[in-house]
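Structure first, then comments.
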Amino acid sequence: MPSALRHLLFIMAPLVVVLAVLPGVYQNHLLLFNFVIFLILAQGVNIIYGFTGYLPFGYVGFFGAGAYGFAIMVMHLQAPAVVAVVVAGLVGVALGLLLTPLLRLSGAYFAIANLAASLAVLHLVANPALESITKGPYGVSLTGTFNPNSAYIAALVVLALTLAGVVYLKNSSFGLALQAVREDSVSAAMSGVSVVKMRVIAWLASALVAGLAGGIYAWYVSVFYPDNVFSGDFSIFAIVFALFGGVATITGPIVGVIILYGIYNVIGFTTPQYFQLIYGLLIMGLVLFLPAGLVSLATRRGWHVP
Amino acid sequence: MSPEAKPILNVSKLVKRFGGFYALDGLSFHVAPGEILGLVGPNGSGKTTAINVISGLYAPDGGEVAFDGQQIGGIASHRLVHRGINRTFQVPKPFMSLTVRENIKVALSYGRAMVAPPAINELLEQYRLAEFAERPASELNSAQQKMLDLTRALATRPRLLLLDELAAGLNPAELDWIAGHIKALAASGVAIIVVEHLMGFIEHITDRVIVLNAGKEIFEGKLAAAVKEPQVIEVFLGGEHAA
């Protein structure tokens, strides 16, 4: 069996099926939905950071732009929710295109510029002068499309597609070339790889994923303020989850979300007073002892981790 | 093919500046299919800069580079790879976290070799990398990384191959071995430019050398003749040694 098919059958399919069945047996629908959103976002970070090395500190910019793309389609054009989600993805891609010059930067410079860009989009959307379009700082209310069950299913579809995309990257010469660009752009060029084209494709794919997730999030919550959907927590969580599990793998970000977001919620429910202390210690431990993520426990032993 | 064949690379009056410093100052030379040309000269004389311009890493500030009859100055590296130019690096830069096999696979997939690309296992065997094929490139020693860099270049089936200090750090047995490979490549029609400090190695493999100083050519011909040239002796050893 080709490894791509194996990855789809034994990683993507079981995960999506379990998440599809869970709402029937577990009551906290919002929590399950948030799990799916973070599974998507962590894989989106995986595409741009794991495969090309760009750390997107402003990743939430695409998510928020997608949420507002969805809201504007629904509020002003009375678009059906599914169409609005697709547009949300395209808004993410459009913002990605606008920000392609950032790819000239590297390392911390890119991360900071990306963070600044996401704040700029937030302040544009939240500008009271744009109230007639975005409702400015007063937030949007999309009661007409409110349908958490459909939004949840849409999120599962996007998760499945995103995972399929990452499976492709993990098993194709395209994904290999992206990793080559990450490792050494000069040697990649001398292997015949168009470095700029590769980076832009990965960047836009990653923006598409976040835009779609943002649109679906807007669909699900239906009432939100700019600060909710542009919250830096989305970027930080998605990045930390992906890193905790291990990037440039299919399973790493999944494991990272399940463990860390699981712990996050358990602590939040049981001992919220110690929440930040415990979470902070966990992340410091990760950076100090497992900089390549949990999967490196296996790869260090020479095991292959998909 | 004989060295007298029509040149595949023609460099004429090439200029490359870094600020006010002229790394290349009107350099002209040519190389033909099947020929091995040596570029020698003291540190900073412009050898690596010349290779960087020809391989598209730097755009020239003046002069012309023609490959296969077409101007290539300023064209992006990956396009030059597709046209049939490739190179190795003085300090090899393999994709460290990818396996040796994956390193070569990238070049095989994206190099658009004009003739059938070589078989990966054959390359691995030829350049003594077979036993490390499934290991990350970071586990290779520096001589092995140089061989991986060379196989990466060869996977794209270059017609012009630029070797930047490939032999540095190899032991005498390895030098003989790699010299044999370079000569065989030339015999198959590849034009090869070798930048090297090891004069014995240069003398052994090249048909002709260009001696550079301060970005200019000061000698062209056989290495054996170059070492008798007062100007060459002067730049290598200092003025008082010149006859």
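In the structure tokens, chains take letters A, B, ... by order of appearance, with residues numbered from 1 within each chain and ligands from 1 in the order shown.
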
Problem set entry | Expected answer as an MDAnalysis selection string: alpha helix (DSSP H) residues in segment 60-236 of chain A | chainID A and resid 60:77 81:98 107:125 131:134 148:171 173:183 185:189 195:221 226:229 232:236

Could you write out the selected residues, including C-alpha atoms, as a CSV table (one decimal), in the first residue's frame?
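And here's result_39.csv as it stands now:
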```csv
chain,number,residue,atom,x,y,z
A,60,VAL,CA,-4.7,34.8,13.4
A,61,GLY,CA,-4.8,37.6,10.8
A,62,PHE,CA,-6.0,35.1,8.2
A,63,PHE,CA,-8.4,33.5,10.6
A,64,GLY,CA,-9.9,36.9,11.6
A,65,ALA,CA,-10.0,38.0,8.0
A,66,GLY,CA,-11.9,34.8,7.1
A,67,ALA,CA,-14.4,35.4,9.9
A,68,TYR,CA,-15.1,38.9,8.7
A,69,GLY,CA,-15.2,37.7,5.1
A,70,PHE,CA,-17.9,35.3,6.2
A,71,ALA,CA,-19.8,38.0,8.1
A,72,ILE,CA,-19.7,40.5,5.3
A,73,MET,CA,-21.0,37.9,2.8
A,74,VAL,CA,-23.8,36.9,5.1
A,75,MET,CA,-24.7,40.5,6.3
A,76,HIS,CA,-24.5,42.4,3.1
A,77,LEU,CA,-25.0,39.8,0.3
A,81,ALA,CA,-23.2,29.9,4.8
A,82,VAL,CA,-21.3,27.4,2.7
A,83,VAL,CA,-20.7,30.0,0.0
A,84,ALA,CA,-19.6,32.5,2.7
A,85,VAL,CA,-17.1,29.9,4.1
A,86,VAL,CA,-15.5,29.5,0.7
A,87,VAL,CA,-15.3,33.2,0.3
A,88,ALA,CA,-13.7,33.3,3.8
A,89,GLY,CA,-11.0,31.0,2.5
A,90,LEU,CA,-10.5,33.2,-0.5
A,91,VAL,CA,-10.2,36.3,1.7
A,92,GLY,CA,-7.4,34.5,3.6
A,93,VAL,CA,-5.7,33.8,0.3
A,94,ALA,CA,-6.1,37.4,-0.8
A,95,LEU,CA,-4.6,38.6,2.5
A,96,GLY,CA,-1.8,36.1,2.0
A,97,LEU,CA,-1.1,37.5,-1.5
A,98,LEU,CA,-1.0,41.0,-0.1
A,107,GLY,CA,13.4,34.2,11.2
A,108,ALA,CA,12.3,36.6,13.9
A,109,TYR,CA,11.9,39.5,11.4
A,110,PHE,CA,9.3,37.6,9.5
A,111,ALA,CA,7.5,36.6,12.7
A,112,ILE,CA,7.4,40.2,13.9
A,113,ALA,CA,6.3,41.6,10.6
A,114,ASN,CA,3.6,39.0,10.3
A,115,LEU,CA,2.4,39.8,13.9
A,116,ALA,CA,2.3,43.5,12.9
A,117,ALA,CA,0.3,42.7,9.8
A,118,SER,CA,-2.3,40.8,11.7
A,119,LEU,CA,-2.7,43.8,14.1
A,120,ALA,CA,-3.1,46.1,11.2
A,121,VAL,CA,-5.9,44.0,9.8
A,122,LEU,CA,-7.6,43.9,13.2
A,123,HIS,CA,-7.5,47.7,13.5
A,124,LEU,CA,-8.7,48.1,10.0
A,125,VAL,CA,-11.7,45.9,10.7
A,131,GLU,CA,-19.0,50.5,10.7
A,132,SER,CA,-21.3,50.3,7.7
A,133,ILE,CA,-19.2,47.4,6.3
A,134,THR,CA,-17.7,45.6,9.3
A,148,PRO,CA,-23.7,24.9,15.0
A,149,ASN,CA,-24.3,21.3,13.7
A,150,SER,CA,-23.7,22.3,10.1
A,151,ALA,CA,-20.8,24.5,11.1
A,152,TYR,CA,-19.3,21.5,12.9
A,153,ILE,CA,-19.6,19.3,9.9
A,154,ALA,CA,-18.0,22.0,7.7
A,155,ALA,CA,-15.1,22.1,10.1
A,156,LEU,CA,-14.7,18.4,9.8
A,157,VAL,CA,-14.6,18.6,6.0
A,158,VAL,CA,-12.0,21.4,6.2
A,159,LEU,CA,-10.0,19.3,8.7
A,160,ALA,CA,-10.1,16.3,6.4
A,161,LEU,CA,-9.0,18.4,3.4
A,162,THR,CA,-6.2,20.0,5.4
A,163,LEU,CA,-5.0,16.7,6.6
A,164,ALA,CA,-5.1,15.3,3.1
A,165,GLY,CA,-3.0,18.3,2.0
A,166,VAL,CA,-0.4,17.6,4.7
A,167,VAL,CA,-0.4,13.9,3.7
A,168,TYR,CA,0.3,15.0,0.2
A,169,LEU,CA,3.2,17.2,1.4
A,170,LYS,CA,4.6,14.4,3.5
A,171,ASN,CA,4.5,11.9,0.5
A,173,SER,CA,8.3,15.4,-4.2
A,174,PHE,CA,6.6,18.8,-3.8
A,175,GLY,CA,6.7,18.5,0.0
A,176,LEU,CA,10.2,17.3,-0.2
A,177,ALA,CA,11.2,20.3,-2.3
A,178,LEU,CA,9.5,22.6,0.3
A,179,GLN,CA,11.6,21.0,3.0
A,180,ALA,CA,14.6,21.4,0.9
A,181,VAL,CA,13.9,25.2,0.6
A,182,ARG,CA,13.5,25.3,4.4
A,183,GLU,CA,16.8,23.6,4.9
A,185,SER,CA,17.4,27.8,-0.2
A,186,VAL,CA,20.6,28.1,-2.2
A,187,SER,CA,21.1,24.3,-2.6
A,188,ALA,CA,17.3,24.0,-3.3
A,189,ALA,CA,17.7,26.5,-6.2
A,195,VAL,CA,12.4,28.9,-4.2
A,196,VAL,CA,10.1,31.9,-4.4
A,197,LYS,CA,7.3,29.9,-6.1
A,198,MET,CA,7.5,27.2,-3.5
A,199,ARG,CA,7.3,29.6,-0.5
A,200,VAL,CA,4.4,31.5,-2.0
A,201,ILE,CA,2.4,28.3,-2.6
A,202,ALA,CA,2.9,27.1,0.9
A,203,TRP,CA,2.1,30.5,2.4
A,204,LEU,CA,-1.2,30.8,0.4
A,205,ALA,CA,-2.2,27.2,1.3
A,206,SER,CA,-1.6,28.0,4.9
A,207,ALA,CA,-3.6,31.3,4.6
A,208,LEU,CA,-6.4,29.4,2.8
A,209,VAL,CA,-6.7,26.9,5.7
A,210,ALA,CA,-6.9,29.7,8.3
A,211,GLY,CA,-9.4,31.7,6.3
A,212,LEU,CA,-11.7,28.7,6.0
A,213,ALA,CA,-11.3,28.0,9.7
A,214,GLY,CA,-12.1,31.6,10.5
A,215,GLY,CA,-15.2,31.5,8.3
A,216,ILE,CA,-16.5,28.4,10.0
A,217,TYR,CA,-15.8,29.8,13.4
A,218,ALA,CA,-17.9,32.9,12.5
A,219,TRP,CA,-20.6,30.6,11.3
A,220,TYR,CA,-20.5,28.6,14.6
A,221,VAL,CA,-20.4,31.4,17.1
A,226,PRO,CA,-13.0,42.0,16.3
A,227,ASP,CA,-11.0,41.2,19.4
A,228,ASN,CA,-12.4,37.7,19.6
A,229,VAL,CA,-11.5,36.5,16.1
A,232,GLY,CA,-3.4,36.5,19.5
A,233,ASP,CA,-4.3,33.3,21.5
A,234,PHE,CA,-5.3,31.6,18.2
A,235,SER,CA,-1.8,32.2,16.8
A,236,ILE,CA,0.0,31.3,19.9
```

Per residue of chain B within 7 Å of chain A, record the nearest atom pair and its distance in Å to one decimal, counting only C-alpha atoms, with rows in chain order and ascending residue number, as a tab-separated table.
```
residue	atom	partner	partner_atom	distance
B:Ser77	CA	A:Ala189	CA	5.8
B:His78	CA	A:Gly192	CA	4.2
B:Arg79	CA	A:Gly192	CA	6.8
B:Val81	CA	A:Gly192	CA	5.4
B:His82	CA	A:Gly192	CA	6.2
B:Asn86	CA	A:Met190	CA	6.5
B:Lys93	CA	A:Ser187	CA	6.3
B:Pro94	CA	A:Ser187	CA	6.8
B:Phe95	CA	A:Glu183	CA	5.1
B:Met96	CA	A:Glu183	CA	6.6
B:Val106	CA	A:Ala177	CA	5.8
B:Ala107	CA	A:Ser191	CA	4.2
B:Ser109	CA	A:Ser173	CA	6.6
B:Tyr110	CA	A:Gly192	CA	5.0
B:Gly111	CA	A:Gly192	CA	4.4
B:Arg152	CA	A:Ser191	CA	6.8
B:Ala153	CA	A:Ser191	CA	6.9
```

Could those selected residues go to a file with C-alpha atoms, as a PDB file, in the first residue's frame?
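Everything below was put into again_29.pdb:
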```pdb
ATOM      1  CA  SER B  77      19.769  29.793 -10.475  1.00  0.00           C
ATOM      2  CA  HIS B  78      16.979  27.232 -10.766  1.00  0.00           C
ATOM      3  CA  ARG B  79      16.406  28.198 -14.407  1.00  0.00           C
ATOM      4  CA  VAL B  81      19.938  24.346 -13.539  1.00  0.00           C
ATOM      5  CA  HIS B  82      17.140  23.487 -15.976  1.00  0.00           C
ATOM      6  CA  ASN B  86      25.182  23.034 -11.938  1.00  0.00           C
ATOM      7  CA  LYS B  93      25.082  22.731   2.024  1.00  0.00           C
ATOM      8  CA  PRO B  94      23.017  19.555   1.887  1.00  0.00           C
ATOM      9  CA  PHE B  95      19.465  19.470   3.252  1.00  0.00           C
ATOM     10  CA  MET B  96      20.598  18.364   6.690  1.00  0.00           C
ATOM     11  CA  VAL B 106      14.838  16.693  -4.843  1.00  0.00           C
ATOM     12  CA  ALA B 107      17.334  17.323  -7.638  1.00  0.00           C
ATOM     13  CA  SER B 109      12.455  15.607  -9.361  1.00  0.00           C
ATOM     14  CA  TYR B 110      13.097  19.278 -10.012  1.00  0.00           C
ATOM     15  CA  GLY B 111      16.301  19.337 -12.047  1.00  0.00           C
ATOM     16  CA  ARG B 152      22.912  16.485  -6.121  1.00  0.00           C
ATOM     17  CA  ALA B 153      24.479  18.432  -8.982  1.00  0.00           C
TER      18      ALA B 153
END
```

For this session: Rounded to one decimal place, report the atom CA of Gly50 of chain A-atom CA of Leu243 of chain A distance in Å.
Result: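 About the pair atom CA of Gly50 of chain A and atom CA of Leu243 of chain A: they are 8.7 Å apart.
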
Exercise. How many Å separate atom CA of Asn10 of chain B from atom CA of Val31 of chain B?
Worked result: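 Those two atoms sit 6.9 Å apart.
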
Exercise. So how many Å separate atom CA of Ile8 of chain B and atom CA of Asp68 of chain B, to one decimal?
Worked result: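 Pair atom CA of Ile8 of chain B / atom CA of Asp68 of chain B returns 4.9 Å.
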
Problem set entry | Closest of B:Glu217, B:Ala133, B:Asp61, B:Trp177 to Ile205 of chain B - atom-to-atom distances counting only C-alpha atoms | B:Trp177

Each residue of segment 21-72 of chain B lying at most 8 Å from segment 185-193 of chain B should get a row with its shortest atom-to-atom pair and the distance in Å to one decimal, counting only C-alpha atoms; could you produce that, ordered by chain and increasing number, as a tab-separated table?
```
residue	atom	partner	partner_atom	distance
B:Val31	CA	B:Ala191	CA	6.6
B:Ala32	CA	B:Ala191	CA	5.8
B:Pro33	CA	B:Ala191	CA	4.3
B:Gly34	CA	B:Gly189	CA	4.2
B:Glu35	CA	B:Ala191	CA	5.2
B:Ile36	CA	B:Ile192	CA	4.7
B:Leu37	CA	B:Ile193	CA	4.8
B:Gly38	CA	B:Ile193	CA	5.8
B:Leu39	CA	B:Ile193	CA	7.0
```
